[in-house]
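> Got a structure for you, questions after.
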Amino acid sequence: MQKLTEILRKVPSYTCKDSIDHIEVNGIEMDHRKVKNNHIFICIKGYTVDGHDYAELAVENGAVVVIAERQLQLNVPVIVVGNTSKLLPLIAATYYQNPSRHFPLIGVTGTNGKTTVTHLIDEMFQATNKKTGIIGTIEMRINNKVTEVKNTTPDSLFLQESFEKMRLEAVDVGIMEVSSHALDQGRVNGADFDIAIFTNLTQDHLDYHKTMDHYLFAKSLLFAQLGNDYTTNKYAVINIDDENSAFVSRATAQPIITYAINQKADFYATNIQLKSDGTDFIMHTPIGKIEITSKLMGNFSIYNMLAASAAAYCSNIELDVIKHVLNHTSGVRGRFEPILNDKGFGVIVDYAHTPDSLENVLKTAKGFCNGKIFAIVGCGGDRDKTKRPLMANVACEYADTAIFTSDNPRSEDPQAIITDMIEDIKKENYQVIIDRYKAIEQAINQAKPNDIVLIAGKGHETYQIIGDTVHDFDDAEVARQLLNK
Ligand SMILES: CC(=O)N[C@H]1[C@@H](OP(=O)(O)OP(=O)(O)OC[C@H]2O[C@@H](n3ccc(=O)[nH]c3=O)[C@H](O)[C@@H]2O)O[C@H](CO)[C@@H](O)[C@@H]1O[C@H](C)C(=O)N[C@@H](C)C(=O)N[C@H](CCC(=O)O)C(=O)O
Ligand SMILES: Nc1ncnc2c1ncn2[C@@H]1O[C@H](COP(=O)(O)OP(=O)(O)OP(=O)(O)O)[C@@H](O)[C@H]1O
Ligand SMILES: N[C@H](CCC[C@H](N)C(=O)O)C(=O)O
Ligand SMILES: [Mg+2]
């Protein structure tokens with residue numbers, strides 16, 4: 001049990017009609033369904049509902065105190081503060097006693113490549129027998145124990161609790177994806193980052209951020225959050241080939257390790273050979289050159305390898321370990337993942353769901369394809385609508401045949417999403433098949449030896465969200481089934 005007043009000690013000001021000096025608690029929750037005896041319930045005004053409406057139920061479930069933005073009629077003390085969302089990370093980090101101070105924490109932000117870079121870094125640490133904790137789009141994994149996650153970057157309560165688990169498991173490093181939503185909403189406030197990585201910035205999430213400037217600003221917050229402390233080994237790792245790198249660089253006081261392909265940098269690549277079974281290049285680093293022969297495909301993968309290597313270098317991982325990992329890794333599930341078959345054509349499952357990533361993967365496929373390319377593409381519902389026509393045009397430009405289908409339509413009408421996609425279409429080499437299974441079936445049935453079928457957008461996802469229903473759906477499984485028919 002912890003004293004409530006101790007947990008509130010850094011809260012600048014609050015009012016409470018009752019005395020709270022005697023109250024002790026053993027948990028904090030923002031979701032009334034998770035509240036147990038002796039918990040604090042904090043009311044968050046969300047995008048969908050208002051947590052204040054659940055305070056009474058939280059008390060029924062055992063909350064002994066409620067933190068709210070207004071007075072509520074409850075039979076437990078109500079602490080009234082100005083902004084509960086702003087307070088949440090502060091209270092969470094205080095309750096768990098700032099656990100991320102106890103291990104190095106690496107944060108990766110950028111539109112594309114976060115999951116891949118975090119997993120490569122994880123492999124590099126694991127190759128030196130280190131214990132790792134990783135949080136991101138696919139899962140949270142602490143010392144190889146996996147927990148499902150809802151968001152790429154969880155809310156600050158879940159996050160601080162996860163950091164505490166990492167501390168208890170004595171991890172040697174924490175590695176996490178930091179989304180722009182998380183930065184904007186302060187989900188990572190109170191996370192003590194040691195290395196921050198910027199991969200790139202291209203269009204996505206304008207439904208939320210409205211402008212690319214706001215989106216960039218959110219991304220830059222990770223770098224501001226590295227702080228001014230020069231007594232610790234803190235570094236920013238930045239892709240200077242990206243035009244937004246200067247803005248991001250200005251946000252941090254910490255030393256910057258640069259990486260690039262188009263110019264010299266602390267980490268850069270020369271002698272690049274993009275092959276049908278991988279990528280060869282020479283990686284130049286501040287401590288020497290290494291020859292890389294990787295199974296990872298495409299120019300974009302070189303960026304991810306450079307970013308991960310720079311972070312490993314900042315963490316004192318030796319070059320021969322970096323080289324070994326890059327030369328042996330199979331990459332990440334659902335990222336340019338080949339689906340092996342005996343039909344003579346290639347099937348690739350990939351998570352491209354932005355115009356830039358789709359262009360990258362299609363260009364990569366085109367680079368080695370000796371036949372025709374079929375691209376199965378959809379756009380998520382309740383997400384940036386302005387990326388829809390851009391993705392559709394990219395698909396028609398680089399593929400021989402684009403098949404437009406449903407991604408996760410969520411609350412939107414699947415046909416309406418496709419209508420948005422084709423509203424400004426420049427080429428007519430597309431078909432529309434709303435049912436994703438039938439779209440994949442159509443491509444696989446039409447493909448001939450040497451062709452490539454690229455199934456984009458859902459990568460590792462094992463579900464499809466239509467309306468409120470989450471259906472089982474796994475692109476890789478569906479492709480395997482159809483290939484075995
Ligand atoms: C737009 C957005 O960011 N939404 C996030 C937000 O949800 P919300 O504001 O709708 O929450 P809400 O449902 O209104 O609930 C408000 C409060 O009432 C509480 N509540 C609610 C219902 C109830 O019965 N009882 C109860 O107590 C909730 O626990 C909460 O405290 O807070 C939730 C808890 O932290 C998040 O899970 C949720 O992410 C949703 C699922 C989402 O889709 N987010 C996307 C946009 C997102 O954040 N994506 C990025 C990745 C993007 C990328 O990498 O490309 C991410 O980091 O995941
Ligand atoms: N460095 C990169 N530059 C551009 N595109 C990339 C890069 N790395 C990966 N991609 C493309 O983006 C897709 C998503 O990659 P990844 O999952 O690593 O990114 P992410 O940033 O974690 O995405 P999300 O925001 O959905 O979590 C890949 O399937 C590939 O198509
Ligand atoms: N993190 C991204 C993932 C998009 C994946 C795509 N399959 C979709 O559902 O739009 C988002 O939430 O926007
Ligand atoms: Mg990710």
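By order of appearance in the structure tokens: chains A, B, ..., then residues from 1 within every chain, and ligands from 1 in the order shown.
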Out of range 1-166 of chain A, which residues get alpha helix (DSSP H) from DSSP, as a ChimeraX atom specification?

/A:4-7,55-60,84-95,114-127,156-166

> Show me, as CSV, the residues of chain A having an atom within 9 Å of ligand 1, each with the closest atom pair and its distance in Å, using only C-alpha atoms and all ligand atoms.


residue,atom,partner,partner_atom_place_in_ligand_line,distance
A:Glu29,CA,ligand 1,29 (O),7.8
A:Met30,CA,ligand 1,31 (O),4.3
A:Asp31,CA,ligand 1,27 (O),3.3
A:His32,CA,ligand 1,27 (O),4.0
A:Arg33,CA,ligand 1,25 (N),6.1
A:Lys34,CA,ligand 1,27 (O),8.2
A:Val35,CA,ligand 1,27 (O),8.9
A:Phe41,CA,ligand 1,27 (O),8.5
A:Ile42,CA,ligand 1,31 (O),7.4
A:Cys43,CA,ligand 1,31 (O),6.2
A:Ile44,CA,ligand 1,31 (O),4.6
A:Lys45,CA,ligand 1,16 (C),5.3
A:Gly46,CA,ligand 1,9 (O),3.2
A:Tyr47,CA,ligand 1,9 (O),3.7
A:Thr48,CA,ligand 1,14 (O),3.4
A:Val49,CA,ligand 1,14 (O),3.7
A:Asp50,CA,ligand 1,16 (C),5.2
A:Gly51,CA,ligand 1,18 (O),3.6
A:His52,CA,ligand 1,18 (O),7.4
A:Asp53,CA,ligand 1,27 (O),7.9
A:Tyr54,CA,ligand 1,27 (O),5.3
A:Ala55,CA,ligand 1,27 (O),7.5
A:Leu57,CA,ligand 1,27 (O),8.5
A:Ala58,CA,ligand 1,27 (O),7.5
A:Ser85,CA,ligand 1,31 (O),8.8
A:Thr109,CA,ligand 1,54 (O),8.6
A:Gly110,CA,ligand 1,54 (O),8.5
A:Thr111,CA,ligand 1,55 (O),6.9
A:Asn112,CA,ligand 1,55 (O),8.1
A:Lys114,CA,ligand 1,54 (O),8.0
A:Thr115,CA,ligand 1,54 (O),8.8
A:Gly136,CA,ligand 1,57 (O),8.1
A:Thr137,CA,ligand 1,54 (O),7.1
A:Val149,CA,ligand 1,58 (O),8.9
A:Lys150,CA,ligand 1,37 (O),6.2
A:Asn151,CA,ligand 1,58 (O),3.3
A:Thr152,CA,ligand 1,58 (O),3.8
A:Thr153,CA,ligand 1,57 (O),4.0
A:Pro154,CA,ligand 1,35 (O),6.1
A:Asp155,CA,ligand 1,35 (O),4.2
A:Ser156,CA,ligand 1,35 (O),7.6
A:Leu157,CA,ligand 1,35 (O),8.5
A:Phe158,CA,ligand 1,35 (O),8.5
A:Glu177,CA,ligand 1,54 (O),7.9
A:Val178,CA,ligand 1,57 (O),6.8
A:Ser179,CA,ligand 1,57 (O),4.7
A:Ser180,CA,ligand 1,52 (C),6.8
A:His181,CA,ligand 1,48 (O),5.0
A:Ala182,CA,ligand 1,57 (O),5.4
A:Leu183,CA,ligand 1,57 (O),8.7
A:Gln185,CA,ligand 1,3 (O),7.6
A:Arg187,CA,ligand 1,35 (O),7.8
A:Asp204,CA,ligand 1,55 (O),7.6
A:His205,CA,ligand 1,55 (O),7.3
A:Tyr208,CA,ligand 1,46 (C),7.6
A:His353,CA,ligand 1,55 (O),8.7
A:Asp382,CA,ligand 1,43 (O),8.7
A:Arg383,CA,ligand 1,46 (C),7.6

> Next, write the just-selected residues to a file, as a PDB file, in the first residue's frame, keeping C-alpha atoms as the atom set.


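The result, written out as again-v1.pdb:
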ATOM      1  CA  GLU A  29      -6.966   2.704 -12.940  1.00  0.00           C
ATOM      2  CA  MET A  30      -8.451   4.855 -15.670  1.00  0.00           C
ATOM      3  CA  ASP A  31     -10.904   2.141 -16.779  1.00  0.00           C
ATOM      4  CA  HIS A  32     -13.647   1.399 -14.243  1.00  0.00           C
ATOM      5  CA  ARG A  33     -13.775  -2.237 -15.392  1.00  0.00           C
ATOM      6  CA  LYS A  34     -10.272  -2.826 -14.071  1.00  0.00           C
ATOM      7  CA  VAL A  35     -10.806  -1.156 -10.687  1.00  0.00           C
ATOM      8  CA  PHE A  41      -9.877   5.859 -10.224  1.00  0.00           C
ATOM      9  CA  ILE A  42      -8.855   8.734 -12.459  1.00  0.00           C
ATOM     10  CA  CYS A  43     -11.536  10.152 -14.788  1.00  0.00           C
ATOM     11  CA  ILE A  44     -10.230  10.820 -18.310  1.00  0.00           C
ATOM     12  CA  LYS A  45     -12.264  12.747 -20.881  1.00  0.00           C
ATOM     13  CA  GLY A  46     -11.700  10.573 -23.947  1.00  0.00           C
ATOM     14  CA  TYR A  47     -12.382  10.957 -27.660  1.00  0.00           C
ATOM     15  CA  THR A  48     -15.269   8.486 -27.371  1.00  0.00           C
ATOM     16  CA  VAL A  49     -16.663   8.742 -23.843  1.00  0.00           C
ATOM     17  CA  ASP A  50     -16.087  10.685 -20.632  1.00  0.00           C
ATOM     18  CA  GLY A  51     -14.477   8.698 -17.810  1.00  0.00           C
ATOM     19  CA  HIS A  52     -16.330  10.902 -15.287  1.00  0.00           C
ATOM     20  CA  ASP A  53     -19.495   8.986 -16.258  1.00  0.00           C
ATOM     21  CA  TYR A  54     -17.949   5.769 -14.901  1.00  0.00           C
ATOM     22  CA  ALA A  55     -16.784   7.119 -11.526  1.00  0.00           C
ATOM     23  CA  LEU A  57     -19.198   2.244 -11.106  1.00  0.00           C
ATOM     24  CA  ALA A  58     -15.504   2.538 -10.253  1.00  0.00           C
ATOM     25  CA  SER A  85      -5.103  13.615 -18.788  1.00  0.00           C
ATOM     26  CA  THR A 109       9.542   7.261 -33.829  1.00  0.00           C
ATOM     27  CA  GLY A 110       8.807   8.035 -37.492  1.00  0.00           C
ATOM     28  CA  THR A 111       6.036   7.235 -39.963  1.00  0.00           C
ATOM     29  CA  ASN A 112       7.498   3.939 -41.178  1.00  0.00           C
ATOM     30  CA  LYS A 114       9.435   1.693 -36.107  1.00  0.00           C
ATOM     31  CA  THR A 115       8.443  -1.942 -35.590  1.00  0.00           C
ATOM     32  CA  GLY A 136       5.161  -1.917 -30.049  1.00  0.00           C
ATOM     33  CA  THR A 137       2.595  -2.663 -32.712  1.00  0.00           C
ATOM     34  CA  VAL A 149      -1.304  -4.753 -26.787  1.00  0.00           C
ATOM     35  CA  LYS A 150      -4.110  -2.538 -28.071  1.00  0.00           C
ATOM     36  CA  ASN A 151      -1.998   0.425 -29.120  1.00  0.00           C
ATOM     37  CA  THR A 152       1.465   0.709 -30.668  1.00  0.00           C
ATOM     38  CA  THR A 153       2.356   2.918 -27.698  1.00  0.00           C
ATOM     39  CA  PRO A 154       0.182   2.182 -24.654  1.00  0.00           C
ATOM     40  CA  ASP A 155      -1.376   4.746 -22.322  1.00  0.00           C
ATOM     41  CA  SER A 156       0.888   6.043 -19.554  1.00  0.00           C
ATOM     42  CA  LEU A 157      -0.622   3.820 -16.863  1.00  0.00           C
ATOM     43  CA  PHE A 158      -0.053   0.596 -18.785  1.00  0.00           C
ATOM     44  CA  GLU A 177       7.877   2.320 -30.628  1.00  0.00           C
ATOM     45  CA  VAL A 178       6.661   5.827 -29.919  1.00  0.00           C
ATOM     46  CA  SER A 179       3.703   6.849 -32.057  1.00  0.00           C
ATOM     47  CA  SER A 180       2.822  10.450 -32.824  1.00  0.00           C
ATOM     48  CA  HIS A 181      -0.550   9.974 -31.106  1.00  0.00           C
ATOM     49  CA  ALA A 182       1.287   8.897 -27.961  1.00  0.00           C
ATOM     50  CA  LEU A 183       3.610  11.902 -28.092  1.00  0.00           C
ATOM     51  CA  GLN A 185      -1.286  12.807 -25.826  1.00  0.00           C
ATOM     52  CA  ARG A 187       1.477   8.828 -23.086  1.00  0.00           C
ATOM     53  CA  ASP A 204      -0.195   9.589 -42.441  1.00  0.00           C
ATOM     54  CA  HIS A 205      -2.583  10.340 -39.582  1.00  0.00           C
ATOM     55  CA  TYR A 208      -5.669  13.315 -36.115  1.00  0.00           C
ATOM     56  CA  HIS A 353      -0.505   1.287 -45.128  1.00  0.00           C
ATOM     57  CA  ASP A 382     -11.709   5.819 -39.342  1.00  0.00           C
ATOM     58  CA  ARG A 383      -8.203   6.831 -40.378  1.00  0.00           C
TER      59      ARG A 383
END

> In Å, with one decimal, what is the gap from CA of Leu274 in chain A to CA of Met305 in chain A?

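Spanning CA of Leu274 in chain A to CA of Met305 in chain A is a straight-line distance of 14.0 Å.
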
> Could you give me, as a list in words, every polymer residue with an atom at most 6 Å away from an atom of ligand 3, counting only C-alpha atoms and all ligand atoms?

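I would give the residues around ligand 3 as His353, Cys379, Gly380, Asp407, Asn408, Gly457 and Lys458 of chain A.
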
> Mind giving me the straight-line distance from CA of Arg480 in chain A to CA of Asn429 in chain A in Å, one decimal?

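These atoms are spaced 25.8 Å apart.
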
> Skipping near chain neighbours, those fewer than 2 positions away, what residues fall within 8 Å of range 365-373 of chain A using only C-alpha atoms, listed as a list of chain:residue names?

A:Leu274, A:Lys275, A:Ser276, A:Val361, A:Leu362, A:Lys363, A:Ala375, A:Tyr398, A:Ala399, A:Asp400, A:Thr401, A:Ala447, A:Lys448, A:Pro449, A:Asn450, A:Asp451, A:Ile452, A:Val453, A:Leu454

> Limited to C-alpha atoms, could you put the picked residues into a file as a PDB file, in the first residue's frame?


ATOM      1  CA  LEU A 274      19.361  -4.778 -54.213  1.00  0.00           C
ATOM      2  CA  LYS A 275      18.848  -8.435 -55.115  1.00  0.00           C
ATOM      3  CA  SER A 276      15.868 -10.754 -55.470  1.00  0.00           C
ATOM      4  CA  VAL A 361       7.590  -1.982 -51.296  1.00  0.00           C
ATOM      5  CA  LEU A 362       6.204  -1.845 -54.833  1.00  0.00           C
ATOM      6  CA  LYS A 363       9.447  -0.324 -56.150  1.00  0.00           C
ATOM      7  CA  ALA A 375      -1.016  -5.350 -55.614  1.00  0.00           C
ATOM      8  CA  TYR A 398       3.849   0.660 -59.781  1.00  0.00           C
ATOM      9  CA  ALA A 399       1.727  -2.494 -60.079  1.00  0.00           C
ATOM     10  CA  ASP A 400       0.538  -4.036 -63.325  1.00  0.00           C
ATOM     11  CA  THR A 401      -2.807  -4.795 -61.715  1.00  0.00           C
ATOM     12  CA  ALA A 447      -0.793 -14.930 -61.193  1.00  0.00           C
ATOM     13  CA  LYS A 448       1.543 -16.793 -63.551  1.00  0.00           C
ATOM     14  CA  PRO A 449       5.126 -17.986 -62.972  1.00  0.00           C
ATOM     15  CA  ASN A 450       7.527 -15.070 -62.330  1.00  0.00           C
ATOM     16  CA  ASP A 451       4.698 -12.761 -61.211  1.00  0.00           C
ATOM     17  CA  ILE A 452       4.465 -11.283 -57.733  1.00  0.00           C
ATOM     18  CA  VAL A 453       1.351 -10.917 -55.601  1.00  0.00           C
ATOM     19  CA  LEU A 454       1.829  -8.219 -52.970  1.00  0.00           C
TER      20      LEU A 454
END
